[in-house]
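Enquirer: Data: protein02.cif, mmCIF, C-alpha atoms and all ligand atoms.
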data_final
#
loop_
_atom_site.group_PDB
_atom_site.id
_atom_site.type_symbol
_atom_site.label_atom_id
_atom_site.label_comp_id
_atom_site.auth_asym_id
_atom_site.auth_seq_id
_atom_site.Cartn_x
_atom_site.Cartn_y
_atom_site.Cartn_z
ATOM 1 C CA MET A 1 13.033 16.035 38.858
ATOM 2 C CA LYS A 2 10.473 17.972 36.936
ATOM 3 C CA LEU A 3 9.524 18.117 33.280
ATOM 4 C CA ILE A 4 8.834 21.648 32.097
ATOM 5 C CA ASN A 5 6.682 21.905 28.976
ATOM 6 C CA ALA A 6 6.921 25.368 27.401
ATOM 7 C CA ILE A 7 4.934 26.359 24.328
ATOM 8 C CA VAL A 8 6.187 29.607 22.816
ATOM 9 C CA GLN A 9 5.656 31.477 19.586
ATOM 10 C CA ASP A 10 7.973 30.466 16.763
ATOM 11 C CA LYS A 11 9.360 33.987 16.698
ATOM 12 C CA ASP A 12 10.657 33.567 20.265
ATOM 13 C CA ALA A 13 11.959 30.004 19.868
ATOM 14 C CA THR A 14 15.514 30.767 18.765
ATOM 15 C CA LYS A 15 15.947 33.400 21.491
ATOM 16 C CA LEU A 16 14.745 30.896 24.077
ATOM 17 C CA ALA A 17 16.983 28.097 22.758
ATOM 18 C CA ASN A 18 19.981 30.434 22.987
ATOM 19 C CA ALA A 19 19.080 31.604 26.493
ATOM 20 C CA LEU A 20 18.774 27.985 27.673
ATOM 21 C CA VAL A 21 22.129 26.999 26.143
ATOM 22 C CA LYS A 22 23.776 30.047 27.729
ATOM 23 C CA ASN A 23 22.520 28.866 31.119
ATOM 24 C CA LYS A 24 23.607 25.255 30.427
ATOM 25 C CA ILE A 25 20.015 24.000 30.440
ATOM 26 C CA GLN A 26 19.317 21.106 28.088
ATOM 27 C CA ALA A 27 16.057 21.183 26.175
ATOM 28 C CA THR A 28 14.376 19.105 23.498
ATOM 29 C CA ARG A 29 12.527 21.047 20.838
ATOM 30 C CA LEU A 30 9.324 19.957 19.075
ATOM 31 C CA ALA A 31 7.667 21.593 16.105
ATOM 32 C CA THR A 32 4.066 22.041 17.185
ATOM 33 C CA SER A 33 1.076 23.946 15.894
ATOM 34 C CA GLY A 34 -2.214 25.440 16.861
ATOM 35 C CA GLY A 35 -3.865 25.619 20.172
ATOM 36 C CA PHE A 36 -2.433 27.356 23.157
ATOM 37 C CA LEU A 37 -1.078 30.211 21.088
ATOM 38 C CA ARG A 38 -2.744 31.419 17.940
ATOM 39 C CA SER A 39 0.202 31.526 15.547
ATOM 40 C CA GLY A 40 2.908 28.922 14.840
ATOM 41 C CA ASN A 41 4.532 27.668 17.977
ATOM 42 C CA THR A 42 7.384 25.550 19.282
ATOM 43 C CA THR A 43 7.332 23.314 22.343
ATOM 44 C CA PHE A 44 10.400 22.957 24.563
ATOM 45 C CA LEU A 45 10.757 20.041 26.974
ATOM 46 C CA VAL A 46 13.175 20.584 29.848
ATOM 47 C CA ALA A 47 13.914 17.825 32.378
ATOM 48 C CA ILE A 48 15.479 19.554 35.363
ATOM 49 C CA ASP A 49 16.182 19.245 39.078
ATOM 50 C CA ASP A 50 13.452 20.690 41.286
ATOM 51 C CA GLU A 51 15.879 23.323 42.551
ATOM 52 C CA ARG A 52 16.300 24.822 39.078
ATOM 53 C CA VAL A 53 12.642 24.951 37.999
ATOM 54 C CA GLN A 54 12.173 28.584 38.993
ATOM 55 C CA GLU A 55 15.344 29.580 37.122
ATOM 56 C CA VAL A 56 14.016 27.982 33.934
ATOM 57 C CA LEU A 57 10.587 29.593 34.382
ATOM 58 C CA ASP A 58 12.279 32.994 34.792
ATOM 59 C CA ILE A 59 14.244 32.493 31.567
ATOM 60 C CA ILE A 60 11.137 31.453 29.631
ATOM 61 C CA LYS A 61 9.187 34.409 31.000
ATOM 62 C CA SER A 62 11.929 36.951 30.291
ATOM 63 C CA VAL A 63 12.336 35.805 26.697
ATOM 64 C CA SER A 64 8.820 35.050 25.588
ATOM 65 C CA GLN A 65 6.209 36.785 27.709
ATOM 66 C CA LYS A 66 3.478 38.821 26.036
ATOM 67 C CA ARG A 67 4.582 42.367 25.263
ATOM 68 C CA LYS A 68 3.492 45.361 23.241
ATOM 69 C CA GLN A 69 5.426 46.178 20.110
ATOM 70 C CA PHE A 70 5.117 48.956 17.571
ATOM 71 C CA MET A 71 4.850 47.807 14.008
ATOM 72 C CA VAL A 72 4.708 49.851 10.835
ATOM 73 C CA PRO A 73 1.889 48.254 8.854
ATOM 74 C CA PRO A 74 2.743 47.262 5.292
ATOM 75 C CA MET A 75 1.962 50.093 2.871
ATOM 76 C CA GLY A 76 -0.988 49.877 0.528
ATOM 77 C CA VAL A 77 -0.496 49.455 -3.204
ATOM 78 C CA GLU A 78 -0.414 53.225 -3.632
ATOM 79 C CA GLY A 79 2.569 53.397 -1.291
ATOM 80 C CA GLU A 80 1.219 56.482 0.443
ATOM 81 C CA ARG A 81 3.443 57.724 3.253
ATOM 82 C CA ALA A 82 0.415 58.850 5.184
ATOM 83 C CA ALA A 83 -0.649 55.249 5.747
ATOM 84 C CA ALA A 84 2.585 54.243 7.442
ATOM 85 C CA PHE A 85 1.790 55.203 11.048
ATOM 86 C CA PRO A 86 3.155 52.622 13.496
ATOM 87 C CA VAL A 87 0.500 50.641 15.359
ATOM 88 C CA GLU A 88 0.842 48.873 18.675
ATOM 89 C CA ILE A 89 0.427 45.093 18.572
ATOM 90 C CA GLU A 90 0.797 42.337 21.162
ATOM 91 C CA VAL A 91 3.428 39.668 20.478
ATOM 92 C CA GLY A 92 4.852 36.675 22.321
ATOM 93 C CA GLY A 93 3.292 34.773 25.167
ATOM 94 C CA ALA A 94 4.105 31.374 26.619
ATOM 95 C CA THR A 95 2.030 28.533 28.030
ATOM 96 C CA VAL A 96 4.094 26.550 30.507
ATOM 97 C CA PHE A 97 3.306 23.589 32.717
ATOM 98 C CA THR A 98 5.359 21.334 34.926
ATOM 99 C CA GLN A 99 5.018 17.621 35.584
ATOM 100 C CA THR A 100 6.725 15.165 37.881
ATOM 101 C CA ILE A 101 9.422 12.869 36.511
ATOM 102 C CA ASP A 102 9.504 9.554 38.339
ATOM 103 C CA ASP A 103 12.872 8.233 37.150
ATOM 104 C CA PHE A 104 15.602 9.687 34.975
ATOM 105 C CA TYR A 105 18.331 7.769 33.125
ATOM 106 C CA GLN A 106 21.228 8.520 30.822
ATOM 107 C CA PHE A 107 22.557 5.578 28.869
ATOM 108 C CA MET B 1 0.868 2.624 33.759
ATOM 109 C CA LYS B 2 3.965 4.609 33.000
ATOM 110 C CA LEU B 3 4.942 6.898 30.142
ATOM 111 C CA ILE B 4 8.530 6.371 29.042
ATOM 112 C CA ASN B 5 10.075 9.313 27.184
ATOM 113 C CA ALA B 6 13.229 8.279 25.318
ATOM 114 C CA ILE B 7 15.347 10.742 23.370
ATOM 115 C CA VAL B 8 17.869 8.978 21.138
ATOM 116 C CA GLN B 9 20.149 9.985 18.312
ATOM 117 C CA ASP B 10 18.566 9.880 14.876
ATOM 118 C CA LYS B 11 21.095 7.242 13.834
ATOM 119 C CA ASP B 12 19.716 4.854 16.465
ATOM 120 C CA ALA B 13 16.014 5.620 15.901
ATOM 121 C CA THR B 14 15.263 2.984 13.270
ATOM 122 C CA LYS B 15 17.079 0.276 15.230
ATOM 123 C CA LEU B 16 15.076 1.199 18.323
ATOM 124 C CA ALA B 17 11.757 1.278 16.437
ATOM 125 C CA ASN B 18 12.477 -2.200 15.073
ATOM 126 C CA ALA B 19 13.505 -3.568 18.467
ATOM 127 C CA LEU B 20 10.288 -2.232 20.033
ATOM 128 C CA VAL B 21 8.108 -3.726 17.276
ATOM 129 C CA LYS B 22 9.902 -7.082 17.641
ATOM 130 C CA ASN B 23 8.991 -7.070 21.343
ATOM 131 C CA LYS B 24 5.394 -5.993 20.612
ATOM 132 C CA ILE B 25 5.860 -2.640 22.350
ATOM 133 C CA GLN B 26 3.880 0.228 20.866
ATOM 134 C CA ALA B 27 5.630 3.587 20.604
ATOM 135 C CA THR B 28 4.828 6.987 19.180
ATOM 136 C CA ARG B 29 7.687 8.741 17.445
ATOM 137 C CA LEU B 30 8.343 12.498 17.402
ATOM 138 C CA ALA B 31 10.882 14.376 15.329
ATOM 139 C CA THR B 32 12.746 16.494 17.849
ATOM 140 C CA SER B 33 15.927 18.538 17.840
ATOM 141 C CA GLY B 34 18.602 20.022 20.031
ATOM 142 C CA GLY B 35 19.097 19.754 23.692
ATOM 143 C CA PHE B 36 19.614 16.540 25.517
ATOM 144 C CA LEU B 37 21.812 15.110 22.781
ATOM 145 C CA ARG B 38 24.005 17.254 20.606
ATOM 146 C CA SER B 39 23.080 15.989 17.151
ATOM 147 C CA GLY B 40 19.671 15.367 15.571
ATOM 148 C CA ASN B 41 17.441 13.269 17.762
ATOM 149 C CA THR B 42 14.153 11.419 17.873
ATOM 150 C CA THR B 43 11.820 11.108 20.850
ATOM 151 C CA PHE B 44 9.881 7.901 21.502
ATOM 152 C CA LEU B 45 6.856 7.866 23.791
ATOM 153 C CA VAL B 46 5.925 4.461 25.217
ATOM 154 C CA ALA B 47 2.853 4.002 27.419
ATOM 155 C CA ILE B 48 3.341 0.696 29.203
ATOM 156 C CA ASP B 49 2.314 -1.345 32.225
ATOM 157 C CA ASP B 50 4.536 -0.845 35.254
ATOM 158 C CA GLU B 51 5.654 -4.467 35.037
ATOM 159 C CA ARG B 52 7.220 -3.929 31.611
ATOM 160 C CA VAL B 53 9.070 -0.655 32.263
ATOM 161 C CA GLN B 54 12.396 -2.366 32.984
ATOM 162 C CA GLU B 55 12.080 -4.453 29.799
ATOM 163 C CA VAL B 56 11.637 -1.292 27.716
ATOM 164 C CA LEU B 57 14.531 0.460 29.478
ATOM 165 C CA ASP B 58 16.752 -2.554 28.742
ATOM 166 C CA ILE B 59 15.822 -2.431 25.059
ATOM 167 C CA ILE B 60 16.510 1.302 24.814
ATOM 168 C CA LYS B 61 19.834 0.890 26.588
ATOM 169 C CA SER B 62 20.958 -2.073 24.488
ATOM 170 C CA VAL B 63 20.184 -0.284 21.225
ATOM 171 C CA SER B 64 21.215 3.282 21.876
ATOM 172 C CA GLN B 65 23.653 3.601 24.749
ATOM 173 C CA LYS B 66 26.885 5.543 24.274
ATOM 174 C CA ARG B 67 29.623 3.423 22.734
ATOM 175 C CA LYS B 68 33.000 3.811 21.095
ATOM 176 C CA GLN B 69 33.232 3.305 17.375
ATOM 177 C CA PHE B 70 36.140 3.382 14.970
ATOM 178 C CA MET B 71 35.667 5.698 12.044
ATOM 179 C CA VAL B 72 37.912 6.291 9.082
ATOM 180 C CA PRO B 73 38.028 10.069 8.771
ATOM 181 C CA PRO B 74 37.213 11.475 5.352
ATOM 182 C CA MET B 75 40.340 11.888 3.254
ATOM 183 C CA GLY B 76 41.811 15.329 2.631
ATOM 184 C CA VAL B 77 41.695 16.904 -0.807
ATOM 185 C CA GLU B 78 45.063 15.339 -1.667
ATOM 186 C CA GLY B 79 43.564 11.898 -1.024
ATOM 187 C CA GLU B 80 46.697 10.730 0.780
ATOM 188 C CA ARG B 81 46.449 7.164 2.110
ATOM 189 C CA ALA B 82 48.540 8.103 5.112
ATOM 190 C CA ALA B 83 45.730 10.297 6.436
ATOM 191 C CA ALA B 84 43.187 7.481 6.550
ATOM 192 C CA PHE B 85 43.947 6.012 9.982
ATOM 193 C CA PRO B 86 40.750 5.040 11.811
ATOM 194 C CA VAL B 87 39.966 7.155 14.880
ATOM 195 C CA GLU B 88 37.839 6.238 17.892
ATOM 196 C CA ILE B 89 34.711 8.338 18.360
ATOM 197 C CA GLU B 90 31.783 8.174 20.773
ATOM 198 C CA VAL B 91 28.322 7.657 19.271
ATOM 199 C CA GLY B 92 24.812 7.069 20.584
ATOM 200 C CA GLY B 93 23.460 7.888 23.995
ATOM 201 C CA ALA B 94 19.910 8.125 25.276
ATOM 202 C CA THR B 95 18.144 10.390 27.735
ATOM 203 C CA VAL B 96 15.170 8.580 29.229
ATOM 204 C CA PHE B 97 12.624 9.542 31.850
ATOM 205 C CA THR B 98 9.453 7.977 33.135
ATOM 206 C CA GLN B 99 6.219 9.619 34.250
ATOM 207 C CA THR B 100 3.025 8.370 35.805
ATOM 208 C CA ILE B 101 -0.054 7.900 33.609
ATOM 209 C CA ASP B 102 -3.267 8.498 35.550
ATOM 210 C CA ASP B 103 -5.781 6.992 33.123
ATOM 211 C CA PHE B 104 -5.438 5.177 29.814
ATOM 212 C CA TYR B 105 -8.139 4.728 27.161
ATOM 213 C CA GLN B 106 -8.486 3.149 23.744
ATOM 214 C CA PHE B 107 -11.466 4.309 21.722
ATOM 215 C CA MET C 1 -5.048 20.335 36.038
ATOM 216 C CA LYS C 2 -4.571 17.381 33.778
ATOM 217 C CA LEU C 3 -2.638 16.860 30.567
ATOM 218 C CA ILE C 4 -4.563 14.797 28.046
ATOM 219 C CA ASN C 5 -2.414 13.101 25.402
ATOM 220 C CA ALA C 6 -4.520 11.923 22.450
ATOM 221 C CA ILE C 7 -3.033 10.034 19.508
ATOM 222 C CA VAL C 8 -5.450 9.848 16.588
ATOM 223 C CA GLN C 9 -5.230 8.870 12.950
ATOM 224 C CA ASP C 10 -4.206 11.682 10.603
ATOM 225 C CA LYS C 11 -7.539 11.337 8.836
ATOM 226 C CA ASP C 12 -9.376 12.307 12.044
ATOM 227 C CA ALA C 13 -6.999 15.104 13.108
ATOM 228 C CA THR C 14 -8.688 18.032 11.378
ATOM 229 C CA LYS C 15 -12.135 16.959 12.588
ATOM 230 C CA LEU C 16 -10.796 16.736 16.129
ATOM 231 C CA ALA C 17 -9.036 20.122 15.930
ATOM 232 C CA ASN C 18 -12.295 21.705 14.749
ATOM 233 C CA ALA C 19 -14.363 20.027 17.462
ATOM 234 C CA LEU C 20 -11.940 21.240 20.146
ATOM 235 C CA VAL C 21 -11.973 24.823 18.814
ATOM 236 C CA LYS C 22 -15.779 24.758 18.691
ATOM 237 C CA ASN C 23 -15.816 23.834 22.382
ATOM 238 C CA LYS C 24 -13.171 26.461 23.225
ATOM 239 C CA ILE C 25 -10.610 23.842 24.220
ATOM 240 C CA GLN C 26 -7.003 24.763 23.473
ATOM 241 C CA ALA C 27 -4.773 22.024 22.119
ATOM 242 C CA THR C 28 -1.214 21.765 20.853
ATOM 243 C CA ARG C 29 -0.725 19.504 17.859
ATOM 244 C CA LEU C 30 2.328 17.331 17.142
ATOM 245 C CA ALA C 31 3.118 15.440 13.970
ATOM 246 C CA THR C 32 3.885 11.921 15.152
ATOM 247 C CA SER C 33 4.313 8.550 13.517
ATOM 248 C CA GLY C 34 4.190 4.859 14.131
ATOM 249 C CA GLY C 35 3.286 2.976 17.177
ATOM 250 C CA PHE C 36 -0.029 3.183 18.891
ATOM 251 C CA LEU C 37 -1.941 3.329 15.634
ATOM 252 C CA ARG C 38 -0.755 1.606 12.495
ATOM 253 C CA SER C 39 -1.048 4.440 9.971
ATOM 254 C CA GLY C 40 0.103 8.073 10.177
ATOM 255 C CA ASN C 41 -1.045 9.762 13.330
ATOM 256 C CA THR C 42 -1.247 13.101 15.085
ATOM 257 C CA THR C 43 -0.847 13.726 18.799
ATOM 258 C CA PHE C 44 -2.917 16.368 20.583
ATOM 259 C CA LEU C 45 -1.877 17.751 23.963
ATOM 260 C CA VAL C 46 -4.658 19.359 25.995
ATOM 261 C CA ALA C 47 -3.971 20.984 29.373
ATOM 262 C CA ILE C 48 -7.328 21.295 31.091
ATOM 263 C CA ASP C 49 -9.038 21.661 34.435
ATOM 264 C CA ASP C 50 -9.947 18.364 36.093
ATOM 265 C CA GLU C 51 -13.637 19.212 35.774
ATOM 266 C CA ARG C 52 -13.443 19.276 31.983
ATOM 267 C CA VAL C 53 -11.431 16.080 31.389
ATOM 268 C CA GLN C 54 -14.502 13.935 30.726
ATOM 269 C CA GLU C 55 -15.847 16.517 28.247
ATOM 270 C CA VAL C 56 -12.594 16.375 26.279
ATOM 271 C CA LEU C 57 -12.531 12.565 26.367
ATOM 272 C CA ASP C 58 -16.102 12.503 25.041
ATOM 273 C CA ILE C 59 -15.149 14.808 22.157
ATOM 274 C CA ILE C 60 -12.099 12.712 21.248
ATOM 275 C CA LYS C 61 -14.144 9.523 21.394
ATOM 276 C CA SER C 62 -17.026 10.881 19.316
ATOM 277 C CA VAL C 63 -14.716 12.136 16.580
ATOM 278 C CA SER C 64 -12.077 9.468 16.340
ATOM 279 C CA GLN C 65 -13.214 6.161 17.766
ATOM 280 C CA LYS C 66 -12.856 2.986 15.711
ATOM 281 C CA ARG C 67 -15.758 2.474 13.332
ATOM 282 C CA LYS C 68 -16.712 0.385 10.324
ATOM 283 C CA GLN C 69 -16.812 2.065 6.970
ATOM 284 C CA PHE C 70 -17.713 0.804 3.514
ATOM 285 C CA MET C 71 -15.095 1.441 0.887
ATOM 286 C CA VAL C 72 -15.185 0.721 -2.814
ATOM 287 C CA PRO C 73 -11.825 -0.901 -3.511
ATOM 288 C CA PRO C 74 -9.812 0.613 -6.347
ATOM 289 C CA MET C 75 -10.563 -1.143 -9.651
ATOM 290 C CA GLY C 76 -8.075 -3.546 -11.187
ATOM 291 C CA VAL C 77 -6.214 -2.677 -14.360
ATOM 292 C CA GLU C 78 -8.947 -4.251 -16.452
ATOM 293 C CA GLY C 79 -11.440 -1.829 -14.891
ATOM 294 C CA GLU C 80 -14.059 -4.552 -14.521
ATOM 295 C CA ARG C 81 -17.297 -3.349 -12.909
ATOM 296 C CA ALA C 82 -17.733 -6.707 -11.207
ATOM 297 C CA ALA C 83 -14.726 -6.040 -8.998
ATOM 298 C CA ALA C 84 -16.137 -2.838 -7.513
ATOM 299 C CA PHE C 85 -18.184 -4.290 -4.630
ATOM 300 C CA PRO C 86 -17.857 -2.155 -1.497
ATOM 301 C CA VAL C 87 -16.005 -3.814 1.369
ATOM 302 C CA GLU C 88 -16.259 -3.066 5.058
ATOM 303 C CA ILE C 89 -13.085 -1.737 6.687
ATOM 304 C CA GLU C 90 -12.244 -0.459 10.149
ATOM 305 C CA VAL C 91 -11.014 3.141 10.400
ATOM 306 C CA GLY C 92 -10.147 5.550 13.200
ATOM 307 C CA GLY C 93 -9.229 4.722 16.731
ATOM 308 C CA ALA C 94 -7.593 6.811 19.434
ATOM 309 C CA THR C 95 -5.092 6.092 22.197
ATOM 310 C CA VAL C 96 -5.563 8.553 25.026
ATOM 311 C CA PHE C 97 -3.898 8.951 28.403
ATOM 312 C CA THR C 98 -4.038 11.545 31.121
ATOM 313 C CA GLN C 99 -1.288 12.837 33.370
ATOM 314 C CA THR C 100 -1.149 15.204 36.307
ATOM 315 C CA ILE C 101 0.049 18.771 35.770
ATOM 316 C CA ASP C 102 1.789 20.145 38.856
ATOM 317 C CA ASP C 103 1.851 23.848 37.975
ATOM 318 C CA PHE C 104 0.473 25.852 35.073
ATOM 319 C CA TYR C 105 1.581 29.323 33.948
ATOM 320 C CA GLN C 106 0.746 31.797 31.234
ATOM 321 C CA PHE C 107 3.322 34.498 30.622
HETATM 322 NI NI NI D 1 12.364 15.522 41.773
HETATM 323 NI NI NI D 2 0.348 2.129 36.651
HETATM 324 NI NI NI D 3 -5.668 19.690 38.898
#
Hey, can you dump this file as structure tokens for me?
Expert:
Amino acid sequence: MKLINAIVQDKDATKLANALVKNKIQATRLATSGGFLRSGNTTFLVAIDDERVQEVLDIIKSVSQKRKQFMVPPMGVEGERAAAFPVEIEVGGATVFTQTIDDFYQF
Amino acid sequence: MKLINAIVQDKDATKLANALVKNKIQATRLATSGGFLRSGNTTFLVAIDDERVQEVLDIIKSVSQKRKQFMVPPMGVEGERAAAFPVEIEVGGATVFTQTIDDFYQF
Amino acid sequence: MKLINAIVQDKDATKLANALVKNKIQATRLATSGGFLRSGNTTFLVAIDDERVQEVLDIIKSVSQKRKQFMVPPMGVEGERAAAFPVEIEVGGATVFTQTIDDFYQF
């Protein structure tokens, strides 16, 4: 078995939790901060058979990989329409690593 | 050395912490959620000599394994005595896995 | 790659986070409790190339190792000056262990 550690942005955490549930993949969720990703993040731990590791990686990637997004910046105090051009920003991103599980038990 | 990861239900976490202390086993406790167990859960990390792994597993199992329990369901709004028959429910359960620790330091 | 797990006292956590940032070392931070260290603690996870493990260990040690510190005990209710002799106490301390990372991804 493998342990998959996935650190994703908070904004992608609920989407990822739902995608894992939908695929019947159990995960433990930790509130984490700092580090691998600049903004608030959430760490998922998934203990899974070797044969399903790639499936889990694909789900994590599809849900939380870095992507461009257009955002309308908040208007200034004057509320001028001219200031409201959408700008392209980068969101998401995941840091993922796998480790070996020696023994696994359910009591 | 081994790292034991134990995910138990919140309701068993204090009992497990006490049992570990009583046996002079140091553990780090993480608030976790979702996944391996349906309700709120707590993850314990125990770094321990290989020779004591089975002892720790036995403690975790004895404290937090799945068991039947009789519960008197909450009464309905009418408060009828007839509704208060105890029902058998399943509580507890632990997901536990071990990993290899390469090097261990205390500074 | 290696995963470094470092459990330090809460009082040393900010210093350690700053020292890691200064050395461009990414870390994920977990609020943890109990166990390895008696008072409140924080766990840092650092995924790092094998060649940099010793550098990270040195940083953790320099920031958070056990050391003596003089503390003026809080005055009694009478506020007597005679009671305010500084006493030597031990603070800090870190429990650190490394594990092998099998595969590492950034999405
Ligand atoms: Ni395996
Ligand atoms: Ni060993
Ligand atoms: Ni390596």
Enquirer: Could you build a table of the residues in chain C lying no more than 8 Å from chain A, giving for each the nearest pair of atoms and their separation in Å rounded to one decimal place, using all atoms listed in the file, ordered by chain and ascending residue number, as a Markdown table?
Expert:
| residue | atom | partner | partner_atom | distance |
| --- | --- | --- | --- | --- |
| C:Gln26 | CA | A:Gly35 | CA | 4.6 |
| C:Ala27 | CA | A:Gly35 | CA | 4.2 |
| C:Thr28 | CA | A:Gly35 | CA | 4.7 |
| C:Arg29 | CA | A:Ser33 | CA | 5.2 |
| C:Leu30 | CA | A:Thr32 | CA | 5.0 |
| C:Ala31 | CA | A:Thr32 | CA | 7.4 |
| C:Thr100 | CA | A:Gln99 | CA | 6.7 |
| C:Ile101 | CA | A:Gln99 | CA | 5.1 |
| C:Asp102 | CA | A:Gln99 | CA | 5.2 |
| C:Asp103 | CA | A:Thr98 | CA | 5.3 |
| C:Phe104 | CA | A:Phe97 | CA | 4.3 |
| C:Tyr105 | CA | A:Val96 | CA | 5.1 |
| C:Gln106 | CA | A:Thr95 | CA | 4.8 |
| C:Phe107 | CA | A:Gln65 | CA | 4.7 |
Enquirer: Can you measure atom CA of C:Ile25 to atom CA of A:Gly40 for me? One decimal in Å is fine.
Expert: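 Calculated distance between atom CA of C:Ile25 and atom CA of A:Gly40 is 17.2 Å.
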Enquirer: Using all atoms listed in the file, what are the residues with an atom within 6 Å of ligand NI 2 (chain D), set out as a PyMOL selection string?
Expert: chain B and resi 1-2+49-50
Enquirer: Using all atoms listed in the file, which residue out of A:Ala17, A:Gln54, A:Val91, A:Ile48 lies closest to ligand NI 1 (chain D)?
Expert: A:Ile48
Enquirer: To one decimal in Å, tell me the separation between atom CA of A:Ala47 and atom CA of C:Val53.
Expert: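 Separation of atom CA of A:Ala47 and atom CA of C:Val53: 25.4 Å.
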Enquirer: Would you list the residues near (-18.9, 2.9, 8.9) (no more than 8 Å away, in the coordinates of the file, using only C-alpha atoms) as an MDAnalysis selection string?
Expert: chainID C and resid 67:70 88:90
Enquirer: What gap, in Å, lies between atom CA of C:Val72 and atom CA of C:Gln9?
Expert: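 Computed distance, atom CA of C:Val72 to atom CA of C:Gln9, equals 20.3 Å.
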Enquirer: The centre and edge lengths of an axis-aligned box containing all atoms of stretch 56-74 of chain B present in the file, extended by 3 Å on each side, are to be given in Å to one decimal, as AutoDock Vina command-line options.
Expert:
--center_x 24.8 --center_y 4.5 --center_z 17.4 --size_x 32.4 --size_y 20.0 --size_z 30.1
Enquirer: Rank C:Val46, C:Pro73, C:Lys15, C:Glu51 by their smallest atom-to-atom distance to ligand NI 3 (chain D), using all atoms listed in the file, and report the top residue only.
Expert: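 Closest to ligand NI 3 (chain D), using all atoms listed in the file: C:Glu51.
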Enquirer: Restricting the calculation to all atoms listed in the file: of C:Ala19, C:Pro86, C:Pro74, C:Arg52, which residue gets closest to ligand NI 3 (chain D)?
Expert: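 Of all the options, C:Arg52 lies closest to ligand NI 3 (chain D).
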